[in-house]
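Engineer: Data file my_file_25.cif (mmCIF, C-alpha atoms) is appended below.
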data_structure
loop_
_atom_site.label_atom_id
_atom_site.label_comp_id
_atom_site.auth_asym_id
_atom_site.auth_seq_id
_atom_site.Cartn_x
_atom_site.Cartn_y
_atom_site.Cartn_z
CA MET A 11 84.07 102.49 129.94
CA PRO A 12 82.59 103.67 126.62
CA ALA A 13 84.85 103.76 123.58
CA THR A 14 86.00 107.27 122.67
CA GLY A 15 87.99 106.53 119.51
CA ILE A 16 91.10 108.05 121.12
CA ARG A 17 94.18 105.85 121.40
CA PRO A 18 95.44 105.50 124.98
CA PRO A 19 98.96 106.88 125.53
CA ILE A 20 101.88 104.47 125.58
CA SER A 21 105.02 104.53 127.69
CA ILE A 22 108.24 106.08 126.39
CA GLY A 23 109.80 102.62 126.41
CA ALA A 24 107.04 101.21 124.22
CA ALA A 25 107.38 104.21 121.91
CA ARG A 26 111.13 103.57 121.53
CA VAL A 27 110.41 99.94 120.70
CA ARG A 28 108.03 101.08 117.96
CA VAL A 29 110.64 103.38 116.40
CA LEU A 30 113.22 100.59 116.53
CA ALA A 31 110.69 98.19 114.99
CA ALA A 32 110.15 100.68 112.15
CA ALA A 33 113.90 100.91 111.56
CA LEU A 34 114.18 97.12 111.58
CA LEU A 35 111.41 96.74 109.00
CA PHE A 36 112.84 99.51 106.82
CA SER A 37 116.23 97.75 106.91
CA ILE A 38 114.99 94.60 105.16
CA GLY A 39 114.10 96.56 102.04
CA GLY A 40 117.36 95.99 100.18
CA ALA A 41 117.52 92.23 100.78
CA GLY A 42 113.79 91.85 100.06
CA ILE A 43 113.96 93.74 96.77
CA LYS A 44 116.88 91.58 95.64
CA ALA A 45 115.10 88.37 96.68
CA CYS A 46 112.08 89.19 94.50
CA HIS A 47 112.72 88.11 90.90
CA LEU A 48 110.11 90.41 89.38
CA THR A 49 111.50 93.33 87.37
CA SER A 50 112.56 96.59 88.99
CA TRP A 51 109.51 98.40 87.62
CA GLN A 52 107.15 95.68 88.81
CA VAL A 53 108.61 95.75 92.30
CA THR A 54 108.43 99.55 92.32
CA SER A 55 104.84 99.77 91.13
CA PHE A 56 103.24 96.94 93.11
CA ARG A 57 105.24 97.57 96.30
CA SER A 58 104.17 101.21 96.32
CA GLY A 59 100.56 100.34 95.52
CA ILE A 60 100.35 97.81 98.35
CA ALA A 61 102.05 100.26 100.72
CA ALA A 62 99.54 103.00 99.86
CA ILE A 63 96.58 100.70 100.53
CA THR A 64 98.12 99.59 103.83
CA LEU A 65 98.68 103.16 104.99
CA LEU A 66 95.15 104.19 104.01
CA LEU A 67 93.68 101.27 105.97
CA LEU A 68 95.84 101.54 109.10
CA LEU A 69 96.52 105.25 109.52
CA PRO A 70 93.60 107.72 109.68
CA GLU A 71 96.09 110.56 109.03
CA GLY A 72 96.64 109.16 105.56
CA ARG A 73 92.99 109.71 104.61
CA ARG A 74 92.92 113.45 105.34
CA GLY A 75 95.06 116.51 104.91
CA TRP A 76 95.55 116.01 101.16
CA ASN A 77 96.48 119.23 99.36
CA TRP A 78 98.80 120.53 96.69
CA ARG A 79 101.69 120.85 99.14
CA SER A 80 101.42 117.21 100.19
CA ALA A 81 101.19 116.26 96.51
CA LEU A 82 104.36 118.22 95.72
CA VAL A 83 106.24 116.45 98.50
CA GLY A 84 104.70 113.20 97.26
CA VAL A 85 106.44 113.69 93.90
CA ALA A 86 109.85 113.78 95.62
CA TYR A 87 108.92 110.77 97.74
CA ALA A 88 107.76 108.82 94.67
CA ALA A 89 111.07 109.53 92.95
CA THR A 90 112.93 108.40 96.07
CA VAL A 91 111.21 105.02 96.39
CA THR A 92 111.48 104.40 92.64
CA LEU A 93 115.20 105.17 92.50
CA PHE A 94 115.78 103.15 95.67
CA VAL A 95 114.32 100.01 94.08
CA LEU A 96 116.11 100.53 90.75
CA ALA A 97 119.43 101.09 92.53
CA ASN A 98 119.02 98.02 94.74
CA LYS A 99 118.55 95.85 91.67
CA LEU A 100 121.84 97.08 90.19
CA THR A 101 124.30 97.72 93.03
CA THR A 102 124.87 96.41 96.54
CA SER A 103 122.48 97.19 99.37
CA ALA A 104 125.35 98.79 101.27
CA ASN A 105 126.09 101.31 98.55
CA THR A 106 122.40 102.01 97.96
CA ILE A 107 121.59 102.83 101.58
CA PHE A 108 124.85 104.69 102.23
CA LEU A 109 124.45 106.88 99.13
CA GLN A 110 120.83 107.61 100.00
CA SER A 111 122.08 108.59 103.45
CA THR A 112 124.03 111.48 101.86
CA ALA A 113 120.75 113.46 101.97
CA PRO A 114 122.08 115.82 104.73
CA LEU A 115 124.67 117.12 102.25
CA TYR A 116 122.00 118.22 99.76
CA ILE A 117 119.82 119.62 102.54
CA LEU A 118 122.70 121.82 103.68
CA LEU A 119 123.38 122.94 100.10
CA LEU A 120 119.75 123.66 99.17
CA SER A 121 118.06 124.76 102.40
CA PRO A 122 119.46 128.34 102.27
CA TRP A 123 117.58 128.86 98.99
CA LEU A 124 114.52 126.67 99.48
CA LEU A 125 113.88 127.05 103.23
CA LYS A 126 115.76 130.29 103.92
CA GLU A 127 117.84 128.51 106.56
CA ARG A 128 121.34 129.82 107.16
CA THR A 129 124.41 127.60 106.81
CA GLY A 130 127.04 127.95 109.52
CA ALA A 131 130.57 126.74 110.07
CA ARG A 132 129.34 123.55 111.70
CA ASP A 133 127.23 122.83 108.61
CA VAL A 134 130.30 123.18 106.41
CA LEU A 135 132.03 120.59 108.61
CA VAL A 136 129.11 118.19 108.07
CA MET A 137 129.31 118.81 104.30
CA ALA A 138 133.01 117.97 104.26
CA ILE A 139 132.45 114.77 106.25
CA VAL A 140 129.62 113.55 104.01
CA VAL A 141 131.55 114.39 100.81
CA LEU A 142 134.55 112.44 102.12
CA GLY A 143 132.41 109.40 102.91
CA MET A 144 130.61 109.60 99.57
CA SER A 145 133.88 109.79 97.63
CA LEU A 146 135.15 106.61 99.30
CA LEU A 147 132.17 104.67 97.90
CA PHE A 148 133.48 105.34 94.40
CA VAL A 149 137.10 104.36 95.12
CA GLY A 150 138.36 101.32 93.20
CA THR A 151 136.42 98.74 91.20
CA GLU A 152 133.15 97.49 92.63
CA ARG A 153 132.72 93.73 92.72
CA ARG A 154 129.76 92.41 90.73
CA TYR A 155 127.24 90.00 92.25
CA ALA A 156 124.25 88.25 90.76
CA THR A 157 122.18 90.61 92.90
CA ALA A 158 124.34 93.63 91.94
CA PRO A 159 125.10 93.26 88.20
CA ASP A 160 125.83 96.93 87.37
CA PRO A 161 127.32 98.71 90.41
CA VAL A 162 128.29 101.90 88.54
CA GLN A 163 124.80 102.62 87.21
CA GLY A 164 123.27 101.51 90.50
CA ASN A 165 125.51 103.87 92.47
CA ILE A 166 124.42 106.77 90.26
CA LEU A 167 120.75 105.95 90.82
CA ALA A 168 121.36 105.65 94.58
CA LEU A 169 123.03 109.07 94.51
CA LEU A 170 119.93 110.50 92.82
CA ALA A 171 117.79 108.75 95.45
CA GLY A 172 119.73 110.65 98.11
CA ILE A 173 118.97 113.95 96.37
CA CYS A 174 115.27 113.09 96.09
CA TRP A 175 115.18 111.99 99.74
CA ALA A 176 116.69 115.34 100.71
CA MET A 177 113.96 117.09 98.71
CA THR A 178 111.37 114.94 100.49
CA LEU A 179 112.70 115.83 103.94
CA MET A 180 112.84 119.53 103.11
CA GLY A 181 109.33 119.31 101.69
CA LEU A 182 108.02 117.73 104.88
CA ARG A 183 109.68 120.50 106.91
CA TRP A 184 108.09 123.08 104.60
CA VAL A 185 104.64 121.53 104.99
CA GLY A 186 105.04 121.21 108.74
CA ARG A 187 105.94 124.90 109.09
CA ARG A 188 102.82 126.08 107.32
CA GLU A 189 100.25 123.61 108.51
CA GLY A 190 101.81 121.54 111.26
CA GLY A 191 100.66 118.60 109.20
CA SER A 192 101.56 114.93 109.29
CA ALA A 193 104.03 113.28 106.93
CA VAL A 194 101.59 110.43 106.30
CA PRO A 195 99.50 112.11 103.53
CA ALA A 196 102.67 112.83 101.54
CA ALA A 197 103.78 109.20 101.99
CA VAL A 198 100.39 107.93 100.79
CA ILE A 199 100.32 110.27 97.80
CA GLY A 200 103.95 109.47 96.99
CA ASN A 201 103.31 105.72 97.02
CA ILE A 202 100.26 106.15 94.79
CA MET A 203 102.33 108.24 92.37
CA GLY A 204 105.17 105.71 92.45
CA CYS A 205 102.73 102.92 91.66
CA LEU A 206 101.11 104.77 88.74
CA ILE A 207 104.35 106.11 87.25
CA ALA A 208 106.03 102.69 87.22
CA LEU A 209 102.90 100.77 86.16
CA PRO A 210 103.27 101.26 82.37
CA PHE A 211 106.81 99.84 82.56
CA ALA A 212 105.65 96.98 84.81
CA LEU A 213 103.11 95.61 82.34
CA PRO A 214 102.55 93.02 81.10
CA VAL A 215 103.36 90.75 84.04
CA GLN A 216 104.62 87.48 82.56
CA SER A 217 106.80 86.16 85.37
CA GLY A 218 106.90 85.69 89.09
CA SER A 219 106.54 82.72 91.38
CA ALA A 220 104.33 82.46 94.44
CA LEU A 221 107.39 83.26 96.56
CA ASP A 222 108.10 86.40 94.52
CA TRP A 223 104.56 87.67 95.07
CA THR A 224 104.71 86.81 98.76
CA ILE A 225 107.91 88.81 99.11
CA LEU A 226 106.36 91.69 97.18
CA VAL A 227 103.28 91.80 99.39
CA GLY A 228 105.55 91.71 102.44
CA LEU A 229 107.62 94.60 101.08
CA GLY A 230 104.56 96.76 100.55
CA ALA A 231 102.41 95.84 103.54
CA ILE A 232 105.07 95.20 106.18
CA GLN A 233 108.43 96.67 105.16
CA VAL A 234 106.80 100.02 104.21
CA GLY A 235 103.20 100.05 105.48
CA LEU A 236 103.54 98.51 108.94
CA ALA A 237 106.88 100.28 109.44
CA TYR A 238 105.17 103.66 108.96
CA VAL A 239 102.47 102.65 111.46
CA PHE A 240 105.14 101.87 114.06
CA LEU A 241 107.05 105.05 113.24
CA THR A 242 103.96 107.27 113.43
CA GLU A 243 102.93 105.85 116.80
CA GLY A 244 106.44 106.03 118.25
CA MET A 245 107.17 109.56 117.04
CA ARG A 246 104.24 110.88 119.07
CA TYR A 247 106.23 110.28 122.27
CA VAL A 248 109.92 109.99 121.30
CA PRO A 249 111.88 113.28 120.89
CA ALA A 250 112.99 113.97 117.31
CA LEU A 251 116.72 113.72 118.10
CA GLU A 252 116.35 110.38 119.84
CA ALA A 253 114.12 109.05 117.05
CA SER A 254 116.72 110.07 114.45
CA MET A 255 119.38 108.18 116.37
CA LEU A 256 117.18 105.07 116.71
CA LEU A 257 116.39 105.12 112.99
CA LEU A 258 120.10 104.84 112.18
CA LEU A 259 119.56 101.15 112.86
CA GLU A 260 118.23 100.94 109.29
CA PRO A 261 121.44 101.79 107.37
CA VAL A 262 123.43 99.67 109.83
CA LEU A 263 121.32 96.53 109.35
CA ASN A 264 120.45 96.95 105.66
CA PRO A 265 123.79 95.72 104.24
CA ILE A 266 124.02 93.01 106.90
CA TRP A 267 120.79 91.36 105.70
CA SER A 268 122.01 91.38 102.08
CA TRP A 269 125.35 89.93 103.16
CA LEU A 270 123.69 87.12 105.15
CA ILE A 271 120.99 86.34 102.55
CA HIS A 272 122.68 87.11 99.22
CA GLY A 273 126.39 86.98 100.03
CA GLU A 274 126.97 90.65 99.20
CA LYS A 275 130.11 91.45 101.15
CA PRO A 276 130.69 95.23 101.17
CA ARG A 277 134.16 96.42 100.24
CA ALA A 278 136.32 97.91 102.97
CA TRP A 279 136.15 101.34 101.30
CA SER A 280 132.34 101.12 101.17
CA LEU A 281 132.15 100.29 104.86
CA VAL A 282 134.52 103.11 105.81
CA GLY A 283 132.63 105.55 103.60
CA GLY A 284 129.32 104.43 105.05
CA VAL A 285 130.52 104.90 108.62
CA ILE A 286 131.75 108.40 107.77
CA ILE A 287 128.43 109.31 106.10
CA LEU A 288 126.46 108.04 109.10
CA GLY A 289 128.80 110.01 111.37
CA GLY A 290 128.02 113.15 109.38
CA THR A 291 124.31 112.40 109.70
CA ILE A 292 124.64 112.08 113.48
CA LEU A 293 126.53 115.38 113.66
CA LYS A 294 123.90 117.20 111.59
CA THR A 295 121.09 115.83 113.74
CA TRP A 296 122.89 116.93 116.88
CA PHE A 297 123.64 120.41 115.49
CA ASP A 298 120.00 120.81 114.40
CA SER A 299 118.73 119.84 117.83
CA ARG A 300 121.01 122.38 119.53
CA ARG A 301 119.96 125.06 117.05
CA ARG A 302 116.28 124.41 117.78
CA ALA A 303 116.97 124.43 121.51
#
Spit out the file's structure as structure tokens when you get a sec.
Structural biologist:
Amino acid sequence: MPATGIRPPISIGAARVRVLAAALLFSIGGAGIKACHLTSWQVTSFRSGIAAITLLLLLPEGRRGWNWRSALVGVAYAATVTLFVLANKLTTSANTIFLQSTAPLYILLLSPWLLKERTGARDVLVMAIVVLGMSLLFVGTERRYATAPDPVQGNILALLAGICWAMTLMGLRWVGRREGGSAVPAAVIGNIMGCLIALPFALPVQSGSALDWTILVGLGAIQVGLAYVFLTEGMRYVPALEASMLLLLEPVLNPIWSWLIHGEKPRAWSLVGGVIILGGTILKTWFDSRRRA
């Protein structure tokens, strides 16, 4: 049979495995960033640069559909990945991923103005749940680790990462409404921007072992690049609600890897707050799916 250039369809089971594989790869980000002894700005710049190259090589969608809307969303994405790395270098992986997962709160607060989407009573319930979980992350004194030397500053940066991630998600929804476009161009542009913005602060490079550079290449090519390939392929066949549920594997596993590898044991309040935030995320996803139905 002659080659047509069209990928054959995959089964729903194989698609679910791809989404889960993406979540698994995303989840190693916190532990990987902490294991690399290059500076925060070096990890940010080179990780994003490697990720952009990987996406351009592996995903045809990343090489087309570039426009000013994708670039605008790319700015929010670049800020997200930059703040995520900076936060991970200062606070625990648990707090970083849980605070970034507060994005639904900011979406509910901003979408009436930016997307003209109404907020209902159920949305207010989600807001209250996420605010409660977020507040618990700031209860008491955070223990310092070698891999989390400044938890207070790191928590603030992680909070900002959540806001930027919310802007990214709303931007992707905005682009999709107008053009039905893919999220991949915005991810490529955002990684290029993240690389270039952090590059002046990353130079000169005067440190780093072979292991550090190996970890860095893995973070860019596998933890981000390959994960997006899996996610893009899986999302073609997995319903959005189910994919959102499967992707919750990332915030569940992220602190576990840092605990096993770096000894970062999350506080009880952090774990409770994280569970509450994830519960609010699940509720919002469910409410959104019913609203669309």
Engineer: Would you pick out the contacts of stretch 202-213 of chain A at 8 Å or less, using all atoms listed in the file, so that residues sharing its chain but fewer than 4 positions from it are not included, and give the list as a list in words?
Structural biologist: Thr49, Trp51, Gln52, Thr54, Ser55, Phe56, Arg57, Ser58, Gly59, Ala62, Gly84, Val85, Ala88, Ala89, Val91, Thr92 and Val198 of chain A
Engineer: Which value, in Å to one decimal, gives the distance between atom CA of A:Leu68 and atom CA of A:Thr224?
Structural biologist: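 Spanning atom CA of A:Leu68 to atom CA of A:Thr224 is a straight-line distance of 20.1 Å.
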Engineer: So how far away is atom CA of A:Ile232 from atom CA of A:Val29, in Å?
Structural biologist: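 Calculated distance between atom CA of A:Val29 and atom CA of A:Ile232 is 14.2 Å.
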Engineer: Suppose you want the space between atom CA of A:Ala25 and atom CA of A:Gly72; what is it in Å?
Structural biologist: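 Distance reported for this atom pair: 20.2 Å.
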Engineer: Using the chain letters and numbers from this file, what does the PyMOL selection byres ((chain A and resi 157) around 7) select? Give the answer as a PDB file with C-alpha atoms, keeping the file's coordinate frame.
Structural biologist:
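Written out: out-v3.pdb:
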ATOM      1  CA  LYS A  44     116.880  91.580  95.640  1.00  0.00           C
ATOM      2  CA  LYS A  99     118.550  95.850  91.670  1.00  0.00           C
ATOM      3  CA  TYR A 155     127.240  90.000  92.250  1.00  0.00           C
ATOM      4  CA  ALA A 156     124.250  88.250  90.760  1.00  0.00           C
ATOM      5  CA  ALA A 158     124.340  93.630  91.940  1.00  0.00           C
ATOM      6  CA  PRO A 159     125.100  93.260  88.200  1.00  0.00           C
TER       7      PRO A 159
END
Engineer: Evaluated on this file, the PyMOL selection byres ((chain A and resi 294) around 10) picks out some residues - which ones are they, written as a PyMOL selection string?
Structural biologist: chain A and resi 114-115+118+132-133+135-137+288-293+295-300
Engineer: Hey, which of A:Gly143, A:Gly283, A:Pro70, A:Gly164 ends up closest to A:Thr106? Count only C-alpha atoms.
Structural biologist: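 Between A:Gly143, A:Gly283, A:Pro70, A:Gly164, the residue approaching A:Thr106 most closely is A:Gly164.
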Engineer: Given the choices A:Val239, A:Leu257, A:Val95, A:Ile286, which gets closest to A:Thr112 if the distance is worked out from only C-alpha atoms?
Structural biologist: A:Ile286
Engineer: Mind listing as a list in words all residues within 12 Å of (119.0, 100.8, 112.1), counting all atoms listed in the file?
Structural biologist: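 It turns out the residues near that spot are Val29, Leu30, Ala31, Ala32, Ala33, Leu34, Leu35, Phe36, Ser37, Ile38, Gly39, Ile107, Ala253, Ser254, Met255, Leu256, Leu257, Leu258, Leu259, Glu260, Pro261, Val262, Leu263, Asn264, Pro265, Ile266, Trp267 and Leu288 of chain A.
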Engineer: Given the file above and the PyMOL selection byres ((chain A and resi 274) around 8), which residues are selected, and can you give them as a PyMOL selection string?
Structural biologist: chain A and resi 102-103+155+157+265+268-270+272-273+275-276
Engineer: Of the candidates A:Ser121, A:Thr101, A:Ser80, A:Ser280, which one gets nearest to A:Arg154 if we count all atoms listed in the file?
Structural biologist: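 Comparing A:Ser121, A:Thr101, A:Ser80, A:Ser280 against A:Arg154, the winner is A:Thr101.
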Engineer: Kindly indicate which residue among A:Tyr238, A:Trp223, A:Trp184, A:Tyr87 lies nearest to A:Leu125, using all atoms listed in the file for the distances.
Structural biologist: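 The closest residue to A:Leu125 is A:Trp184.
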Engineer: Which one of A:Leu65, A:Asn105, A:Ala41, A:Gln216 sits closest to A:Ala171 if you count all atoms listed in the file?
Structural biologist: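 Smallest separation from A:Ala171 among the options: A:Asn105.
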Engineer: Give the answer as one residue: which of A:Asn77, A:Gln233, A:Gln110, A:Ser50 has the shortest atom-to-atom distance to A:Val140, using all atoms listed in the file?
Structural biologist: A:Gln110
